[in-house]
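K.L.:
My questions will all concern the structure given below.
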Amino acid sequence: MVDFETVVKTRRSIRKYQDKEVEDEKIDKILHAAMQAPGSRLGAEPWEFLVIKNKDTLKKIGEIKPRVSDAPVAIILLANMEKSFYKQVWQQDMSAAAENMLLEAVNLGLGALWNGVAPIDDRMQKIADIIGVDNENIKPFCIITLGYPGEGFENKFMDKYDESKIHYETY
Ligand SMILES: Cc1cc2nc3c(=O)[nH]c(=O)nc-3n(C[C@H](O)[C@H](O)[C@H](O)COP(=O)(O)O)c2cc1C
């Protein structure tokens, strides 16, 4: 466990992973963190999660999102629009869960990457086809890849703070 400030400040996009399995307990914790996220309506969260470790499936997805190919595990975030109440904000709901997952990964000593899928229709459809989703109410949103950081990648502080982006009282 890392303290919260360190987790937030050191999170980086980790695009390469060691050839080492991610423990199921850690995947479980990441899924728990995801579902602690805020949602636009309590009890109507659209999120569902597909955990993939199968190398052939990862390679197939990698043809669309290259960073997925060599990850030990990928979690596809799917929005179930039948569950969603405020449907216009489904992507915000999904994003909140995604960010929680990235942060929990850092907390567990892992590296993670947000691989964008939505809102590109063609990409969403290709991912849906690979994973066997045949229902237009189930929308692939993004893919979080996870693993122990590989060569050249580590979670470390990079100062992204920019004072010029802050406004007080009036714009
Ligand atoms: C909506 C979204 C989509 C992203 N999609 C990708 C992606 O497809 N591939 C990738 O390598 N990184 C992707 N990223 C990660 C960003 O490139 C990364 O967060 C940004 O460069 C800042 O670097 P940092 O995460 O290390 O702070 C995505 C991030 C977000 C929020």
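Lettering and numbering for the structure tokens are positional, with chains as A, B, ... in the shown order, residues counted from 1 in each chain, and ligands counted from 1 in the shown order.
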Tell me, which residues of region 96-147 of chain A carry DSSP strand (DSSP E or B), written as a list in words?

P.N.:
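Going through region 96-147 of chain A, the strand (DSSP E or B) residues come out as Gly111, Ala112, Leu113, Trp114, Asn115, Gly116, Ile138, Lys139, Pro140, Phe141, Cys142, Ile143, Ile144, Thr145, Leu146 and Gly147 of chain A.
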
K.L.:
Within 9 Å of ligand 1, which residues show up when you count only C-alpha atoms and all ligand atoms? List them as an NGL selection string, please.

P.N.:
:A and (10-15 or 65-67 or 95 or 98-99 or 112-118 or 142-143 or 155-156 or 158 or 160)

K.L.:
Could you write out the selected residues, including N, CA and C atoms, as a PDB file, in the first residue's frame?

P.N.:
ATOM      1  N   THR A  10       2.306   9.822  -8.570  1.00  0.00           N
ATOM      2  CA  THR A  10       3.288   9.011  -9.317  1.00  0.00           C
ATOM      3  C   THR A  10       2.662   8.201 -10.446  1.00  0.00           C
ATOM      4  N   ARG A  11       1.350   8.172 -10.518  1.00  0.00           N
ATOM      5  CA  ARG A  11       0.715   7.383 -11.593  1.00  0.00           C
ATOM      6  C   ARG A  11       1.189   7.842 -12.966  1.00  0.00           C
ATOM      7  N   ARG A  12       1.618   6.914 -13.755  1.00  0.00           N
ATOM      8  CA  ARG A  12       2.016   7.188 -15.138  1.00  0.00           C
ATOM      9  C   ARG A  12       1.387   6.122 -16.025  1.00  0.00           C
ATOM     10  N   SER A  13       1.302   6.434 -17.295  1.00  0.00           N
ATOM     11  CA  SER A  13       0.839   5.427 -18.247  1.00  0.00           C
ATOM     12  C   SER A  13       1.962   4.423 -18.467  1.00  0.00           C
ATOM     13  N   ILE A  14       1.703   3.192 -18.118  1.00  0.00           N
ATOM     14  CA  ILE A  14       2.717   2.128 -18.255  1.00  0.00           C
ATOM     15  C   ILE A  14       2.342   1.281 -19.462  1.00  0.00           C
ATOM     16  N   ARG A  15       3.178   1.340 -20.479  1.00  0.00           N
ATOM     17  CA  ARG A  15       2.825   0.726 -21.767  1.00  0.00           C
ATOM     18  C   ARG A  15       3.555  -0.579 -22.055  1.00  0.00           C
ATOM     19  N   LYS A  65      -5.861  -2.376 -30.674  1.00  0.00           N
ATOM     20  CA  LYS A  65      -5.197  -1.559 -29.658  1.00  0.00           C
ATOM     21  C   LYS A  65      -3.859  -2.227 -29.337  1.00  0.00           C
ATOM     22  N   PRO A  66      -2.773  -1.798 -29.999  1.00  0.00           N
ATOM     23  CA  PRO A  66      -1.494  -2.533 -29.962  1.00  0.00           C
ATOM     24  C   PRO A  66      -0.934  -2.816 -28.568  1.00  0.00           C
ATOM     25  N   ARG A  67      -1.180  -1.921 -27.631  1.00  0.00           N
ATOM     26  CA  ARG A  67      -0.586  -2.111 -26.300  1.00  0.00           C
ATOM     27  C   ARG A  67      -1.182  -3.290 -25.541  1.00  0.00           C
ATOM     28  N   SER A  95     -15.646   6.610 -17.086  1.00  0.00           N
ATOM     29  CA  SER A  95     -14.326   7.224 -16.838  1.00  0.00           C
ATOM     30  C   SER A  95     -13.982   7.247 -15.361  1.00  0.00           C
ATOM     31  N   ALA A  98     -12.728   3.938 -14.506  1.00  0.00           N
ATOM     32  CA  ALA A  98     -11.410   3.696 -15.121  1.00  0.00           C
ATOM     33  C   ALA A  98     -10.303   4.359 -14.303  1.00  0.00           C
ATOM     34  N   GLU A  99     -10.516   5.588 -13.911  1.00  0.00           N
ATOM     35  CA  GLU A  99      -9.481   6.298 -13.145  1.00  0.00           C
ATOM     36  C   GLU A  99      -9.224   5.614 -11.797  1.00  0.00           C
ATOM     37  N   ALA A 112      -0.394   0.464 -15.197  1.00  0.00           N
ATOM     38  CA  ALA A 112      -1.653   0.333 -15.936  1.00  0.00           C
ATOM     39  C   ALA A 112      -1.696   1.342 -17.069  1.00  0.00           C
ATOM     40  N   LEU A 113      -2.517   1.019 -18.050  1.00  0.00           N
ATOM     41  CA  LEU A 113      -2.712   1.936 -19.173  1.00  0.00           C
ATOM     42  C   LEU A 113      -4.180   1.969 -19.576  1.00  0.00           C
ATOM     43  N   TRP A 114      -4.660   3.168 -19.803  1.00  0.00           N
ATOM     44  CA  TRP A 114      -6.006   3.389 -20.356  1.00  0.00           C
ATOM     45  C   TRP A 114      -5.869   3.325 -21.873  1.00  0.00           C
ATOM     46  N   ASN A 115      -6.432   2.288 -22.458  1.00  0.00           N
ATOM     47  CA  ASN A 115      -6.437   2.151 -23.920  1.00  0.00           C
ATOM     48  C   ASN A 115      -7.813   2.582 -24.407  1.00  0.00           C
ATOM     49  N   GLY A 116      -7.845   3.695 -25.101  1.00  0.00           N
ATOM     50  CA  GLY A 116      -9.125   4.264 -25.503  1.00  0.00           C
ATOM     51  C   GLY A 116      -9.847   3.432 -26.557  1.00  0.00           C
ATOM     52  N   VAL A 117     -11.139   3.289 -26.402  1.00  0.00           N
ATOM     53  CA  VAL A 117     -11.967   2.590 -27.398  1.00  0.00           C
ATOM     54  C   VAL A 117     -13.107   3.509 -27.847  1.00  0.00           C
ATOM     55  N   ALA A 118     -14.041   3.836 -26.936  1.00  0.00           N
ATOM     56  CA  ALA A 118     -15.127   4.773 -27.258  1.00  0.00           C
ATOM     57  C   ALA A 118     -14.533   6.178 -27.377  1.00  0.00           C
ATOM     58  N   CYS A 142     -13.413   1.296 -22.743  1.00  0.00           N
ATOM     59  CA  CYS A 142     -11.943   1.364 -22.801  1.00  0.00           C
ATOM     60  C   CYS A 142     -11.385   0.050 -22.301  1.00  0.00           C
ATOM     61  N   ILE A 143     -10.088  -0.085 -22.449  1.00  0.00           N
ATOM     62  CA  ILE A 143      -9.419  -1.298 -21.974  1.00  0.00           C
ATOM     63  C   ILE A 143      -8.295  -0.870 -21.045  1.00  0.00           C
ATOM     64  N   ASN A 155       6.119   3.993 -12.472  1.00  0.00           N
ATOM     65  CA  ASN A 155       5.274   5.028 -11.900  1.00  0.00           C
ATOM     66  C   ASN A 155       6.179   5.997 -11.155  1.00  0.00           C
ATOM     67  N   LYS A 156       6.277   7.193 -11.654  1.00  0.00           N
ATOM     68  CA  LYS A 156       7.129   8.181 -10.985  1.00  0.00           C
ATOM     69  C   LYS A 156       6.565   9.579 -11.206  1.00  0.00           C
ATOM     70  N   MET A 158       5.892  13.192 -12.231  1.00  0.00           N
ATOM     71  CA  MET A 158       6.244  14.150 -13.282  1.00  0.00           C
ATOM     72  C   MET A 158       5.315  15.331 -13.015  1.00  0.00           C
ATOM     73  N   LYS A 160       2.895  17.883 -13.584  1.00  0.00           N
ATOM     74  CA  LYS A 160       1.984  18.290 -14.660  1.00  0.00           C
ATOM     75  C   LYS A 160       1.165  19.516 -14.252  1.00  0.00           C
TER      76      LYS A 160
END

K.L.:
Give the alpha helix (DSSP H) residues of region 37-154 of chain A, as assigned by DSSP on the backbone, as a PDB file with N, CA and C atoms, in the first residue's frame.

P.N.:
ATOM      1  N   LYS A  55      -3.970 -15.412 -24.012  1.00  0.00           N
ATOM      2  CA  LYS A  55      -2.982 -14.733 -24.877  1.00  0.00           C
ATOM      3  C   LYS A  55      -3.502 -14.533 -26.302  1.00  0.00           C
ATOM      4  N   ASP A  56      -4.245 -15.511 -26.799  1.00  0.00           N
ATOM      5  CA  ASP A  56      -4.766 -15.382 -28.169  1.00  0.00           C
ATOM      6  C   ASP A  56      -5.755 -14.227 -28.260  1.00  0.00           C
ATOM      7  N   THR A  57      -6.600 -14.122 -27.258  1.00  0.00           N
ATOM      8  CA  THR A  57      -7.578 -13.020 -27.256  1.00  0.00           C
ATOM      9  C   THR A  57      -6.862 -11.680 -27.137  1.00  0.00           C
ATOM     10  N   LEU A  58      -5.847 -11.634 -26.272  1.00  0.00           N
ATOM     11  CA  LEU A  58      -5.097 -10.378 -26.102  1.00  0.00           C
ATOM     12  C   LEU A  58      -4.431  -9.971 -27.420  1.00  0.00           C
ATOM     13  N   LYS A  59      -3.898 -10.955 -28.115  1.00  0.00           N
ATOM     14  CA  LYS A  59      -3.247 -10.661 -29.416  1.00  0.00           C
ATOM     15  C   LYS A  59      -4.267 -10.132 -30.427  1.00  0.00           C
ATOM     16  N   LYS A  60      -5.448 -10.744 -30.438  1.00  0.00           N
ATOM     17  CA  LYS A  60      -6.484 -10.292 -31.381  1.00  0.00           C
ATOM     18  C   LYS A  60      -6.884  -8.857 -31.083  1.00  0.00           C
ATOM     19  N   ILE A  61      -7.064  -8.552 -29.812  1.00  0.00           N
ATOM     20  CA  ILE A  61      -7.424  -7.182 -29.432  1.00  0.00           C
ATOM     21  C   ILE A  61      -6.270  -6.239 -29.787  1.00  0.00           C
ATOM     22  N   GLY A  62      -5.051  -6.767 -29.674  1.00  0.00           N
ATOM     23  CA  GLY A  62      -3.859  -5.983 -29.986  1.00  0.00           C
ATOM     24  C   GLY A  62      -3.804  -5.518 -31.439  1.00  0.00           C
ATOM     25  N   TRP A  90     -23.011   8.396 -19.933  1.00  0.00           N
ATOM     26  CA  TRP A  90     -22.445   7.052 -19.695  1.00  0.00           C
ATOM     27  C   TRP A  90     -20.922   7.060 -19.746  1.00  0.00           C
ATOM     28  N   GLN A  91     -20.368   7.920 -20.596  1.00  0.00           N
ATOM     29  CA  GLN A  91     -18.891   7.924 -20.694  1.00  0.00           C
ATOM     30  C   GLN A  91     -18.244   8.528 -19.448  1.00  0.00           C
ATOM     31  N   GLN A  92     -18.915   9.494 -18.847  1.00  0.00           N
ATOM     32  CA  GLN A  92     -18.392  10.021 -17.582  1.00  0.00           C
ATOM     33  C   GLN A  92     -18.445   8.953 -16.495  1.00  0.00           C
ATOM     34  N   ASP A  93     -19.553   8.233 -16.437  1.00  0.00           N
ATOM     35  CA  ASP A  93     -19.664   7.148 -15.445  1.00  0.00           C
ATOM     36  C   ASP A  93     -18.522   6.146 -15.612  1.00  0.00           C
ATOM     37  N   MET A  94     -18.272   5.787 -16.842  1.00  0.00           N
ATOM     38  CA  MET A  94     -17.230   4.785 -17.118  1.00  0.00           C
ATOM     39  C   MET A  94     -15.837   5.331 -16.800  1.00  0.00           C
ATOM     40  N   SER A  95     -15.646   6.610 -17.086  1.00  0.00           N
ATOM     41  CA  SER A  95     -14.326   7.224 -16.838  1.00  0.00           C
ATOM     42  C   SER A  95     -13.982   7.247 -15.361  1.00  0.00           C
ATOM     43  N   ALA A  96     -14.997   7.500 -14.547  1.00  0.00           N
ATOM     44  CA  ALA A  96     -14.739   7.543 -13.101  1.00  0.00           C
ATOM     45  C   ALA A  96     -14.230   6.184 -12.624  1.00  0.00           C
ATOM     46  N   ALA A  97     -14.838   5.123 -13.127  1.00  0.00           N
ATOM     47  CA  ALA A  97     -14.392   3.773 -12.752  1.00  0.00           C
ATOM     48  C   ALA A  97     -12.983   3.500 -13.277  1.00  0.00           C
ATOM     49  N   ALA A  98     -12.728   3.938 -14.506  1.00  0.00           N
ATOM     50  CA  ALA A  98     -11.410   3.696 -15.121  1.00  0.00           C
ATOM     51  C   ALA A  98     -10.303   4.359 -14.303  1.00  0.00           C
ATOM     52  N   GLU A  99     -10.516   5.588 -13.911  1.00  0.00           N
ATOM     53  CA  GLU A  99      -9.481   6.298 -13.145  1.00  0.00           C
ATOM     54  C   GLU A  99      -9.224   5.614 -11.797  1.00  0.00           C
ATOM     55  N   ASN A 100     -10.299   5.176 -11.144  1.00  0.00           N
ATOM     56  CA  ASN A 100     -10.106   4.443  -9.881  1.00  0.00           C
ATOM     57  C   ASN A 100      -9.224   3.206 -10.094  1.00  0.00           C
ATOM     58  N   MET A 101      -9.415   2.550 -11.217  1.00  0.00           N
ATOM     59  CA  MET A 101      -8.622   1.341 -11.499  1.00  0.00           C
ATOM     60  C   MET A 101      -7.146   1.676 -11.687  1.00  0.00           C
ATOM     61  N   LEU A 102      -6.884   2.760 -12.398  1.00  0.00           N
ATOM     62  CA  LEU A 102      -5.490   3.165 -12.619  1.00  0.00           C
ATOM     63  C   LEU A 102      -4.806   3.464 -11.290  1.00  0.00           C
ATOM     64  N   LEU A 103      -5.534   4.131 -10.414  1.00  0.00           N
ATOM     65  CA  LEU A 103      -4.938   4.512  -9.126  1.00  0.00           C
ATOM     66  C   LEU A 103      -4.731   3.291  -8.231  1.00  0.00           C
ATOM     67  N   GLU A 104      -5.692   2.399  -8.222  1.00  0.00           N
ATOM     68  CA  GLU A 104      -5.532   1.184  -7.397  1.00  0.00           C
ATOM     69  C   GLU A 104      -4.347   0.346  -7.914  1.00  0.00           C
ATOM     70  N   ALA A 105      -4.153   0.347  -9.215  1.00  0.00           N
ATOM     71  CA  ALA A 105      -3.005  -0.386  -9.779  1.00  0.00           C
ATOM     72  C   ALA A 105      -1.700   0.150  -9.194  1.00  0.00           C
ATOM     73  N   VAL A 106      -1.564   1.468  -9.149  1.00  0.00           N
ATOM     74  CA  VAL A 106      -0.342   2.062  -8.579  1.00  0.00           C
ATOM     75  C   VAL A 106      -0.207   1.645  -7.116  1.00  0.00           C
ATOM     76  N   ASN A 107      -1.310   1.702  -6.403  1.00  0.00           N
ATOM     77  CA  ASN A 107      -1.321   1.336  -4.988  1.00  0.00           C
ATOM     78  C   ASN A 107      -0.815  -0.092  -4.762  1.00  0.00           C
ATOM     79  N   ASP A 121     -16.861   4.453 -33.285  1.00  0.00           N
ATOM     80  CA  ASP A 121     -17.813   3.352 -33.537  1.00  0.00           C
ATOM     81  C   ASP A 121     -17.146   2.102 -34.089  1.00  0.00           C
ATOM     82  N   ASP A 122     -16.275   2.302 -35.067  1.00  0.00           N
ATOM     83  CA  ASP A 122     -15.634   1.177 -35.727  1.00  0.00           C
ATOM     84  C   ASP A 122     -14.791   0.348 -34.736  1.00  0.00           C
ATOM     85  N   ARG A 123     -14.075   1.079 -33.882  1.00  0.00           N
ATOM     86  CA  ARG A 123     -13.227   0.421 -32.883  1.00  0.00           C
ATOM     87  C   ARG A 123     -14.087  -0.334 -31.861  1.00  0.00           C
ATOM     88  N   MET A 124     -15.177   0.309 -31.449  1.00  0.00           N
ATOM     89  CA  MET A 124     -16.079  -0.318 -30.469  1.00  0.00           C
ATOM     90  C   MET A 124     -16.658  -1.608 -31.057  1.00  0.00           C
ATOM     91  N   GLN A 125     -17.035  -1.549 -32.315  1.00  0.00           N
ATOM     92  CA  GLN A 125     -17.630  -2.721 -32.968  1.00  0.00           C
ATOM     93  C   GLN A 125     -16.625  -3.858 -33.089  1.00  0.00           C
ATOM     94  N   LYS A 126     -15.390  -3.511 -33.463  1.00  0.00           N
ATOM     95  CA  LYS A 126     -14.368  -4.560 -33.627  1.00  0.00           C
ATOM     96  C   LYS A 126     -14.077  -5.254 -32.290  1.00  0.00           C
ATOM     97  N   ILE A 127     -13.996  -4.465 -31.235  1.00  0.00           N
ATOM     98  CA  ILE A 127     -13.750  -5.060 -29.908  1.00  0.00           C
ATOM     99  C   ILE A 127     -14.948  -5.928 -29.520  1.00  0.00           C
ATOM    100  N   ALA A 128     -16.144  -5.417 -29.733  1.00  0.00           N
ATOM    101  CA  ALA A 128     -17.361  -6.181 -29.396  1.00  0.00           C
ATOM    102  C   ALA A 128     -17.351  -7.530 -30.116  1.00  0.00           C
ATOM    103  N   ASP A 129     -16.970  -7.515 -31.389  1.00  0.00           N
ATOM    104  CA  ASP A 129     -16.949  -8.763 -32.177  1.00  0.00           C
ATOM    105  C   ASP A 129     -15.956  -9.762 -31.583  1.00  0.00           C
ATOM    106  N   ILE A 130     -14.771  -9.275 -31.206  1.00  0.00           N
ATOM    107  CA  ILE A 130     -13.741 -10.182 -30.676  1.00  0.00           C
ATOM    108  C   ILE A 130     -14.202 -10.839 -29.373  1.00  0.00           C
ATOM    109  N   ILE A 131     -14.858 -10.067 -28.526  1.00  0.00           N
ATOM    110  CA  ILE A 131     -15.203 -10.610 -27.199  1.00  0.00           C
ATOM    111  C   ILE A 131     -16.594 -11.250 -27.169  1.00  0.00           C
TER     112      ILE A 131
END

K.L.:
What is the CA of Asn137 (chain A)-CA of Gly39 (chain A) distance in Å, reported with one decimal?

P.N.:
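The value is 18.2 Å.
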
K.L.:
For CA of Leu78 (chain A) and CA of Trp47 (chain A), determine how far apart the two atoms are, in Å to one decimal place.

P.N.:
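Separating CA of Leu78 (chain A) from CA of Trp47 (chain A) is a distance of 5.8 Å.
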
K.L.:
Work out how far apart CA of Ile52 (chain A) and CA of Phe4 (chain A) are and give it in Å to one decimal.

P.N.:
27.9 Å

K.L.:
Which residues are close to Lys83 (chain A), i.e. within 6 Å by only C-alpha atoms, leaving aside same-chain residues fewer than 2 positions away? Reply as an mmCIF file with N, CA and C atoms, in the first residue's frame.

P.N.:
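selection35.cif was written with the following content:
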data_model
loop_
_atom_site.group_PDB
_atom_site.id
_atom_site.type_symbol
_atom_site.label_atom_id
_atom_site.label_comp_id
_atom_site.auth_asym_id
_atom_site.auth_seq_id
_atom_site.Cartn_x
_atom_site.Cartn_y
_atom_site.Cartn_z
ATOM 1 N N ALA A 44 -27.574 2.752 -10.570
ATOM 2 C CA ALA A 44 -27.797 2.652 -12.022
ATOM 3 C C ALA A 44 -26.479 2.790 -12.771
ATOM 4 N N PRO A 46 -23.631 1.947 -15.147
ATOM 5 C CA PRO A 46 -23.649 1.098 -16.344
ATOM 6 C C PRO A 46 -22.482 0.109 -16.424
ATOM 7 N N ASN A 80 -23.267 -1.112 -19.859
ATOM 8 C CA ASN A 80 -24.564 -1.747 -20.117
ATOM 9 C C ASN A 80 -25.627 -0.659 -20.092
ATOM 10 N N MET A 81 -26.039 -0.242 -21.276
ATOM 11 C CA MET A 81 -26.942 0.911 -21.383
ATOM 12 C C MET A 81 -28.336 0.623 -20.826
#

K.L.:
Please identify all polymer residues within 10 Å of Val51 (chain A), counting only C-alpha atoms, omitting same-chain residues fewer than 6 positions from it, and present them as a VMD selection string.

P.N.:
chain A and resid 27 31 73 to 77 143 to 145

K.L.:
Using only C-alpha atoms for the distances, tell me which of A:Ile120, A:Gly152, A:Tyr17, A:His167 is nearest to Ser69 (chain A).

P.N.:
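Ranking A:Ile120, A:Gly152, A:Tyr17, A:His167 by distance to Ser69 (chain A), first place goes to A:Tyr17.
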
K.L.:
So, with only C-alpha atoms as the atoms that count, which of A:Lys29, A:Leu146, A:Gly109, A:Ala79 lies closest to Lys53 (chain A)?

P.N.:
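Nearest candidate to Lys53 (chain A) out of A:Lys29, A:Leu146, A:Gly109, A:Ala79: A:Leu146.
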
K.L.:
Which polymer residues have any atom within 12 Å of an atom of Leu42 (chain A), counting only C-alpha atoms, with same-chain residues fewer than 6 positions away left out, as an mmCIF file with C-alpha atoms, in the first residue's frame?

P.N.:
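Final output, out16.cif:
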data_model
loop_
_atom_site.group_PDB
_atom_site.id
_atom_site.type_symbol
_atom_site.label_atom_id
_atom_site.label_comp_id
_atom_site.auth_asym_id
_atom_site.auth_seq_id
_atom_site.Cartn_x
_atom_site.Cartn_y
_atom_site.Cartn_z
ATOM 1 C CA MET A 35 -16.995 -0.005 -8.405
ATOM 2 C CA GLN A 36 -16.282 2.466 -5.598
ATOM 3 C CA LYS A 83 -28.639 -0.320 -16.544
ATOM 4 C CA SER A 84 -27.772 3.323 -17.164
ATOM 5 C CA PHE A 85 -30.275 5.945 -15.959
ATOM 6 C CA TYR A 86 -28.692 9.220 -17.137
ATOM 7 C CA ASP A 93 -19.664 7.148 -15.445
#
